[in-house]
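Coordinates as given in my_file_19.cif (mmCIF, C-alpha atoms and all ligand atoms):
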data_data
loop_
_atom_site.label_atom_id
_atom_site.label_comp_id
_atom_site.auth_asym_id
_atom_site.auth_seq_id
_atom_site.Cartn_x
_atom_site.Cartn_y
_atom_site.Cartn_z
CA MET A 1 0.00 0.00 0.00
CA ASN A 2 1.54 3.34 -0.95
CA ASP A 3 1.33 6.56 1.12
CA GLU A 4 -1.51 8.05 -0.92
CA THR A 5 -3.80 5.03 -0.59
CA HIS A 6 -3.09 5.05 3.13
CA ASN A 7 -4.39 8.63 3.25
CA SER A 8 -1.03 10.03 4.20
CA LYS A 9 1.65 11.88 2.25
CA ARG A 10 4.79 13.97 2.75
CA THR A 11 4.98 17.58 1.56
CA ALA A 12 7.88 18.15 -0.85
CA SER A 13 9.22 21.35 0.71
CA THR A 14 9.05 20.62 4.46
CA ASP A 15 9.02 16.83 4.59
CA VAL A 16 6.20 17.03 7.11
CA ARG A 17 3.87 14.08 6.81
CA ILE A 18 0.22 14.99 6.33
CA VAL A 19 -2.41 12.57 7.61
CA HIS A 20 -6.17 12.67 7.19
CA PRO A 21 -8.24 11.84 10.29
CA SER A 22 -9.93 8.98 8.43
CA ALA A 23 -6.55 7.20 8.15
CA THR A 24 -6.47 6.95 11.96
CA ARG A 25 -9.95 5.44 12.32
CA THR A 26 -9.92 2.43 14.63
CA GLU A 27 -12.67 0.01 15.60
CA MET A 28 -12.45 -2.54 18.38
CA THR A 29 -15.07 -5.12 19.34
CA TRP A 30 -15.40 -7.28 22.42
CA ILE A 31 -17.99 -9.86 23.51
CA VAL A 32 -18.88 -8.94 27.10
CA MET A 33 -17.90 -11.82 29.39
CA PRO A 34 -18.84 -12.34 33.06
CA GLY A 35 -15.30 -11.31 34.08
CA ASP A 36 -15.86 -7.84 32.53
CA CYS A 37 -18.95 -7.20 34.67
CA ASN A 38 -19.98 -5.74 38.02
CA ALA A 39 -22.63 -7.12 40.39
CA LEU A 40 -25.36 -5.83 38.06
CA ASP A 41 -24.05 -7.92 35.14
CA THR A 42 -23.05 -4.82 33.19
CA VAL A 43 -19.53 -3.81 32.25
CA PHE A 44 -17.44 -2.36 35.06
CA GLY A 45 -16.61 1.32 34.37
CA GLY A 46 -12.86 0.76 34.79
CA GLN A 47 -13.02 -1.93 32.12
CA VAL A 48 -14.69 0.49 29.70
CA CYS A 49 -11.92 3.04 30.45
CA SER A 50 -9.27 0.43 29.70
CA TRP A 51 -10.89 -0.48 26.34
CA ILE A 52 -11.18 3.23 25.51
CA ASP A 53 -7.49 3.82 26.28
CA VAL A 54 -6.37 0.89 24.10
CA CYS A 55 -8.61 1.78 21.15
CA ALA A 56 -7.56 5.45 21.30
CA ALA A 57 -3.86 4.53 21.55
CA VAL A 58 -4.12 2.48 18.35
CA ALA A 59 -5.68 5.47 16.54
CA ALA A 60 -2.93 7.76 17.90
CA GLN A 61 -0.19 5.37 16.78
CA ARG A 62 -1.78 5.04 13.33
CA PHE A 63 -1.46 8.81 13.15
CA CYS A 64 2.13 9.31 14.28
CA ASN A 65 3.67 5.85 13.70
CA CYS A 66 5.59 5.98 16.98
CA ASN A 67 5.14 5.30 20.67
CA VAL A 68 2.55 7.38 22.49
CA VAL A 69 1.69 7.88 26.15
CA THR A 70 -1.68 8.87 27.56
CA ALA A 71 -1.42 12.38 29.03
CA GLY A 72 -5.07 12.68 30.01
CA MET A 73 -8.64 11.56 29.51
CA ASP A 74 -11.64 13.87 29.87
CA GLY A 75 -15.22 14.30 28.82
CA LEU A 76 -15.83 10.70 29.92
CA VAL A 77 -19.54 9.92 30.06
CA PHE A 78 -21.43 6.73 30.80
CA LYS A 79 -24.81 7.25 29.15
CA ALA A 80 -26.02 3.65 29.26
CA PRO A 81 -24.69 0.30 30.54
CA ILE A 82 -23.31 -2.48 28.36
CA ARG A 83 -24.86 -5.81 29.31
CA ARG A 84 -23.24 -9.25 29.58
CA GLY A 85 -23.46 -11.20 26.32
CA MET A 86 -23.69 -8.03 24.24
CA VAL A 87 -20.88 -6.76 22.00
CA ALA A 88 -18.96 -3.63 22.98
CA VAL A 89 -18.04 -1.66 19.86
CA LEU A 90 -15.45 1.13 20.19
CA GLN A 91 -14.61 3.63 17.48
CA ALA A 92 -11.71 6.06 17.75
CA GLN A 93 -10.23 8.75 15.52
CA VAL A 94 -7.67 11.54 15.91
CA ASN A 95 -9.53 14.87 16.11
CA TRP A 96 -6.69 17.34 16.48
CA ALA A 97 -2.89 17.42 16.59
CA GLY A 98 -0.44 19.99 17.93
CA ARG A 99 3.35 19.85 17.94
CA THR A 100 3.79 16.65 19.98
CA SER A 101 0.30 15.99 21.32
CA MET A 102 -2.98 14.90 19.79
CA GLU A 103 -6.59 14.48 20.86
CA VAL A 104 -8.44 11.25 20.10
CA GLY A 105 -12.22 10.95 20.38
CA VAL A 106 -13.76 7.58 21.29
CA ARG A 107 -17.37 6.48 21.00
CA VAL A 108 -18.58 3.27 22.65
CA GLU A 109 -21.72 1.41 21.65
CA GLU A 110 -23.50 -1.72 22.82
CA GLU A 111 -24.44 -4.01 19.93
CA ASP A 112 -27.10 -6.68 20.38
CA PRO A 113 -25.71 -9.70 18.49
CA PHE A 114 -29.21 -11.06 17.80
CA THR A 115 -30.79 -7.92 16.34
CA GLY A 116 -27.75 -5.82 15.39
CA LYS A 117 -29.31 -2.89 17.27
CA ARG A 118 -26.71 -0.44 18.60
CA VAL A 119 -27.00 1.92 21.57
CA HIS A 120 -24.53 4.72 22.31
CA THR A 121 -23.19 3.99 25.81
CA SER A 122 -20.01 6.03 26.45
CA ALA A 123 -17.62 8.57 25.00
CA ALA A 124 -14.34 10.21 25.95
CA TYR A 125 -11.55 12.44 24.70
CA LEU A 126 -7.95 11.43 25.28
CA THR A 127 -4.74 13.41 24.93
CA PHE A 128 -1.71 11.44 23.82
CA VAL A 129 1.86 12.63 23.51
CA ALA A 130 4.21 11.07 20.94
CA VAL A 131 7.50 10.03 22.55
CA ASP A 132 10.90 9.04 21.17
CA THR A 133 13.16 6.25 22.38
CA ASP A 134 14.24 8.44 25.34
CA ARG A 135 10.52 8.87 26.22
CA LYS A 136 10.78 12.57 25.38
CA PRO A 137 7.95 14.31 23.46
CA CYS A 138 8.61 14.28 19.71
CA PRO A 139 6.90 16.00 16.76
CA VAL A 140 3.82 14.45 15.17
CA PRO A 141 2.63 14.74 11.54
CA GLN A 142 0.17 17.40 10.45
CA LEU A 143 -3.49 16.46 10.71
CA ARG A 144 -5.57 17.61 7.77
CA PRO A 145 -9.31 17.39 8.43
CA HIS A 146 -11.27 16.93 5.24
CA SER A 147 -14.98 16.28 5.71
CA GLU A 148 -17.44 18.63 7.39
CA ILE A 149 -17.59 16.42 10.49
CA GLU A 150 -13.77 16.21 10.72
CA ILE A 151 -13.52 20.00 10.48
CA ARG A 152 -16.13 20.38 13.25
CA ARG A 153 -14.35 17.83 15.47
CA HIS A 154 -11.02 19.59 14.83
CA ARG A 155 -12.48 22.98 15.81
CA GLU A 156 -14.14 21.61 18.95
CA ALA A 157 -10.97 19.70 19.96
CA GLN A 158 -8.99 22.92 19.69
CA GLN A 159 -11.50 24.61 22.01
CA ARG A 160 -11.23 21.73 24.50
CA ARG A 161 -7.41 21.98 24.42
CA GLN A 162 -7.58 25.70 25.19
CA THR A 163 -9.94 24.95 28.08
CA ARG A 164 -7.60 22.22 29.43
CA LEU A 165 -4.51 24.41 29.26
CA ALA A 166 -6.31 27.40 30.76
CA HIS A 167 -7.62 25.21 33.59
CA ARG A 168 -4.12 23.90 34.30
CA GLU A 169 -2.71 27.42 34.35
CA ARG A 170 -5.46 28.66 36.71
CA ILE A 171 -4.71 25.82 39.14
CA ARG A 172 -0.95 26.51 38.98
CA ALA A 173 -1.45 30.25 39.45
CA GLY A 174 -3.75 29.59 42.42
CA ARG A 175 -1.08 27.46 44.11
CA ASN A 176 1.54 30.16 43.63
CA THR A 177 -0.67 32.80 45.24
CA PRO A 178 0.39 33.46 48.84
C1 LIG B 201 2.81 13.23 28.78
C2 LIG B 201 4.24 13.65 29.06
C3 LIG B 201 5.19 12.91 28.09
C4 LIG B 201 4.34 15.16 28.82
O1 LIG B 201 5.62 15.56 29.17
P1 LIG B 201 5.96 17.11 29.41
O2 LIG B 201 7.37 17.21 29.83
O3 LIG B 201 4.89 17.73 30.24
O4 LIG B 201 5.89 17.63 27.94
P2 LIG B 201 5.56 19.07 27.40
O5 LIG B 201 5.31 20.07 28.48
O6 LIG B 201 6.61 19.36 26.37
O7 LIG B 201 4.18 18.82 26.64
C5 LIG B 201 4.12 18.02 25.47
C6 LIG B 201 2.76 18.21 24.83
O8 LIG B 201 1.77 17.57 25.62
C7 LIG B 201 0.75 18.49 25.98
N1 LIG B 201 0.31 18.06 27.31
C8 LIG B 201 1.09 17.64 28.33
N2 LIG B 201 0.34 17.26 29.37
C9 LIG B 201 -0.95 17.45 29.00
C10 LIG B 201 -2.21 17.24 29.64
N3 LIG B 201 -2.29 16.78 30.88
N4 LIG B 201 -3.33 17.55 28.94
C11 LIG B 201 -3.25 18.00 27.68
N5 LIG B 201 -2.10 18.21 27.02
C12 LIG B 201 -0.97 17.94 27.68
C13 LIG B 201 1.43 19.85 25.91
O9 LIG B 201 0.49 20.89 25.71
C14 LIG B 201 2.32 19.66 24.69
O10 LIG B 201 1.53 19.72 23.49
P3 LIG B 201 2.12 20.23 22.06
O11 LIG B 201 3.54 19.76 21.94
O12 LIG B 201 1.23 19.58 21.05
O13 LIG B 201 1.99 21.72 22.08
C15 LIG B 201 4.67 13.33 30.53
O14 LIG B 201 3.88 14.12 31.41
C16 LIG B 201 4.52 11.87 30.87
O15 LIG B 201 5.38 11.05 30.54
N6 LIG B 201 3.41 11.51 31.57
C17 LIG B 201 3.16 10.14 31.94
C18 LIG B 201 2.45 9.39 30.83
C19 LIG B 201 2.00 8.03 31.27
O16 LIG B 201 2.69 7.34 31.97
N7 LIG B 201 0.77 7.64 30.84
C20 LIG B 201 0.15 6.42 31.24
C21 LIG B 201 0.66 5.21 30.56
S1 LIG B 201 0.75 5.35 28.79
#
This entry written out as structure tokens:
Amino acid sequence: MNDETHNSKRTASTDVRIVHPSATRTEMTWIVMPGDCNALDTVFGGQVCSWIDVCAAVAAQRFCNCNVVTAGMDGLVFKAPIRRGMVAVLQAQVNWAGRTSMEVGVRVEEEDPFTGKRVHTSAAYLTFVAVDTDRKPCPVPQLRPHSEIEIRRHREAQQRRQTRLAHRERIRAGRNTP
């Protein structure tokens, strides 16, 4: 598969790789087993978080083709439970990328294997940082949103990043105040 068919190319002048969000799309499925569940026979929240982290990390690595570490997870919502015997379906895609960090959005659904009916159960946004062999942050490719929905996600991810950084700064400033 060449770079173009993989939705990724290098610019001639800068040698910066350009990647479309669709090239990072990742789907993960899992049949819900008793060991995944709480006392109510629905998936334990920590298990959902773990699936989200793995699915998002694969999308992030598809984007930057190097090691990534999870810097944060926010916007996590549990809208509905996923029941034992159902299929958990996770979909992830890179929404935004900065110099060394990127935001990945994940949507989780419950799929009924007998009817195919899907229910939206959870969602989250994760920040990953690309790291080199010394585990130091390293530059990522350029993300080029294409479709209307990718452009909207990119814009909203940028707003969330500004909110995260501003929040961090406010907390730091508050601690430095005598
Ligand atoms: C994530 C980590 C590499 C960042 O290191 P750092 O020295 O703070 O790096 P920098 O300050 O240069 O920040 C690197 C980038 O990450 C972003 N970033 C760092 N922490 C962040 C956070 N909590 N939320 C959002 N963005 C964050 C910065 O804005 C910067 O983005 P940019 O380069 O796109 O502008 C470091 O904190 C780390 O190793 N954390 C532990 C990760 C881990 O163990 N995860 C769990 C297992 S994978």
Can you build me a table of chain A residues sitting at most 9 Å from ligand LIG 201 (chain B), with the closest atom pair per residue and its distance in Å to one decimal, using only C-alpha atoms and all ligand atoms, sorted by chain and residue number, as JSON lines?
{"residue": "A:Asp53", "atom": "CA", "partner": "B:LIG201", "partner_atom": "S1", "distance": 8.7}
{"residue": "A:Ala57", "atom": "CA", "partner": "B:LIG201", "partner_atom": "S1", "distance": 8.6}
{"residue": "A:Val68", "atom": "CA", "partner": "B:LIG201", "partner_atom": "S1", "distance": 6.9}
{"residue": "A:Val69", "atom": "CA", "partner": "B:LIG201", "partner_atom": "S1", "distance": 3.8}
{"residue": "A:Thr70", "atom": "CA", "partner": "B:LIG201", "partner_atom": "N7", "distance": 4.3}
{"residue": "A:Ala71", "atom": "CA", "partner": "B:LIG201", "partner_atom": "C1", "distance": 4.3}
{"residue": "A:Gly72", "atom": "CA", "partner": "B:LIG201", "partner_atom": "N3", "distance": 5.0}
{"residue": "A:Met73", "atom": "CA", "partner": "B:LIG201", "partner_atom": "N4", "distance": 8.0}
{"residue": "A:Ala97", "atom": "CA", "partner": "B:LIG201", "partner_atom": "O12", "distance": 6.4}
{"residue": "A:Gly98", "atom": "CA", "partner": "B:LIG201", "partner_atom": "O12", "distance": 3.6}
{"residue": "A:Arg99", "atom": "CA", "partner": "B:LIG201", "partner_atom": "O12", "distance": 3.8}
{"residue": "A:Thr100", "atom": "CA", "partner": "B:LIG201", "partner_atom": "O11", "distance": 3.7}
{"residue": "A:Ser101", "atom": "CA", "partner": "B:LIG201", "partner_atom": "O12", "distance": 3.7}
{"residue": "A:Met102", "atom": "CA", "partner": "B:LIG201", "partner_atom": "O12", "distance": 6.4}
{"residue": "A:Glu103", "atom": "CA", "partner": "B:LIG201", "partner_atom": "C11", "distance": 8.4}
{"residue": "A:Leu126", "atom": "CA", "partner": "B:LIG201", "partner_atom": "C11", "distance": 8.4}
{"residue": "A:Thr127", "atom": "CA", "partner": "B:LIG201", "partner_atom": "C11", "distance": 5.6}
{"residue": "A:Phe128", "atom": "CA", "partner": "B:LIG201", "partner_atom": "C1", "distance": 6.9}
{"residue": "A:Val129", "atom": "CA", "partner": "B:LIG201", "partner_atom": "O8", "distance": 5.4}
{"residue": "A:Ala130", "atom": "CA", "partner": "B:LIG201", "partner_atom": "C3", "distance": 7.4}
{"residue": "A:Val131", "atom": "CA", "partner": "B:LIG201", "partner_atom": "C3", "distance": 6.7}
{"residue": "A:Arg135", "atom": "CA", "partner": "B:LIG201", "partner_atom": "C3", "distance": 6.9}
{"residue": "A:Lys136", "atom": "CA", "partner": "B:LIG201", "partner_atom": "C3", "distance": 6.2}
{"residue": "A:Pro137", "atom": "CA", "partner": "B:LIG201", "partner_atom": "C3", "distance": 5.6}
{"residue": "A:Cys138", "atom": "CA", "partner": "B:LIG201", "partner_atom": "O11", "distance": 7.8}
{"residue": "A:Pro139", "atom": "CA", "partner": "B:LIG201", "partner_atom": "O11", "distance": 7.2}
{"residue": "A:Val140", "atom": "CA", "partner": "B:LIG201", "partner_atom": "O12", "distance": 8.2}
{"residue": "A:Arg161", "atom": "CA", "partner": "B:LIG201", "partner_atom": "C11", "distance": 6.6}
{"residue": "A:Arg164", "atom": "CA", "partner": "B:LIG201", "partner_atom": "C11", "distance": 6.3}
{"residue": "A:Leu165", "atom": "CA", "partner": "B:LIG201", "partner_atom": "C11", "distance": 6.7}
{"residue": "A:Arg168", "atom": "CA", "partner": "B:LIG201", "partner_atom": "N3", "distance": 8.1}
Residue list as a list in words for point (-26.8, -1.0, 23.9), cut-off 10 Å, all atoms listed in the file: Lys79, Ala80, Pro81, Ile82, Arg83, Met86, Val87, Ala88, Val89, Val108, Glu109, Glu110, Glu111, Asp112, Gly116, Lys117, Arg118, Val119, His120 and Thr121 of chain A
Writer output for current selection, C-alpha atoms, as a tab-separated table (two decimals), in the coordinates of the input:
chain	number	residue	atom	x	y	z
A	79	LYS	CA	-24.81	7.25	29.15
A	80	ALA	CA	-26.02	3.65	29.26
A	81	PRO	CA	-24.69	0.30	30.54
A	82	ILE	CA	-23.31	-2.48	28.36
A	83	ARG	CA	-24.86	-5.81	29.31
A	86	MET	CA	-23.69	-8.03	24.24
A	87	VAL	CA	-20.88	-6.76	22.00
A	88	ALA	CA	-18.96	-3.63	22.98
A	89	VAL	CA	-18.04	-1.66	19.86
A	108	VAL	CA	-18.58	3.27	22.65
A	109	GLU	CA	-21.72	1.41	21.65
A	110	GLU	CA	-23.50	-1.72	22.82
A	111	GLU	CA	-24.44	-4.01	19.93
A	112	ASP	CA	-27.10	-6.68	20.38
A	116	GLY	CA	-27.75	-5.82	15.39
A	117	LYS	CA	-29.31	-2.89	17.27
A	118	ARG	CA	-26.71	-0.44	18.60
A	119	VAL	CA	-27.00	1.92	21.57
A	120	HIS	CA	-24.53	4.72	22.31
A	121	THR	CA	-23.19	3.99	25.81
All residues 8 Å or closer to A:Ala124, only C-alpha atoms, same chain fewer than 3 positions away omitted, as a list of chain:residue names: A:Ile52, A:Met73, A:Asp74, A:Gly75, A:Leu76, A:Val77, A:Gly105, A:Val106, A:Arg107
Selection export as a PDB file, keeping the file's coordinate frame, atoms kept: C-alpha atoms:
ATOM      1  CA  ILE A  52     -11.180   3.230  25.510  1.00  0.00           C
ATOM      2  CA  MET A  73      -8.640  11.560  29.510  1.00  0.00           C
ATOM      3  CA  ASP A  74     -11.640  13.870  29.870  1.00  0.00           C
ATOM      4  CA  GLY A  75     -15.220  14.300  28.820  1.00  0.00           C
ATOM      5  CA  LEU A  76     -15.830  10.700  29.920  1.00  0.00           C
ATOM      6  CA  VAL A  77     -19.540   9.920  30.060  1.00  0.00           C
ATOM      7  CA  GLY A 105     -12.220  10.950  20.380  1.00  0.00           C
ATOM      8  CA  VAL A 106     -13.760   7.580  21.290  1.00  0.00           C
ATOM      9  CA  ARG A 107     -17.370   6.480  21.000  1.00  0.00           C
TER      10      ARG A 107
END
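A straight line drawn from atom CA of A:Thr24 to atom CA of A:His146 is 13.0 Å long.
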Return as AutoDock Vina command-line options the box centre and box size in Å, one decimal, for an axis-aligned box around all listed atoms of stretch 158-162 of chain A padded by 8 Å per side.
--center_x -9.5 --center_y 23.7 --center_z 22.4 --size_x 20.1 --size_y 20.0 --size_z 21.5
Pairwise distance for atom CA of A:Thr42 and atom CA of A:Trp30, rounded to one decimal in Å: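 Calculated distance between atom CA of A:Thr42 and atom CA of A:Trp30 is 13.4 Å.
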Selected residue of minimal separation from A:Val19 among A:Ala60, A:Arg160, A:Leu90, A:Arg175, counting all atoms listed in the file: A:Ala60
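Atom CA of A:Gly46 lies 25.8 Å from atom CA of A:Arg153.
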As an mmCIF file with C-alpha atoms, in the coordinates of the input, please: the residues near A:Ile151 (cut-off 9 Å, all atoms listed in the file, same-chain neighbours under 6 positions excluded).
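part.cif was written with the following content:
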data_model
loop_
_atom_site.group_PDB
_atom_site.id
_atom_site.type_symbol
_atom_site.label_atom_id
_atom_site.label_comp_id
_atom_site.auth_asym_id
_atom_site.auth_seq_id
_atom_site.Cartn_x
_atom_site.Cartn_y
_atom_site.Cartn_z
ATOM 1 C CA ASN A 95 -9.530 14.870 16.110
ATOM 2 C CA ARG A 144 -5.570 17.610 7.770
ATOM 3 C CA PRO A 145 -9.310 17.390 8.430
#
Protein/DNA/RNA residues near (-21.8, -3.1, 33.6), cut 10 Å, all atoms listed in the file, as number ranges by chain: A: 32, 34, 36-48, 80-84
Residue nearest A:Ala56 among A:Phe78, A:Met28, A:Val104, A:Ile18 (counting only C-alpha atoms):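 Ranked by minimum distance to A:Ala56, first place goes to A:Val104.
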Of the listed residues A:Ile171, A:Asn67, A:Val94, A:Ile149, that which approaches A:Asp132 most closely, counting all atoms listed in the file: A:Asn67
Nearest candidate to A:Ala123 (options A:Asn176, A:Thr29, A:Thr163, A:Gln91; using all atoms listed in the file): A:Gln91
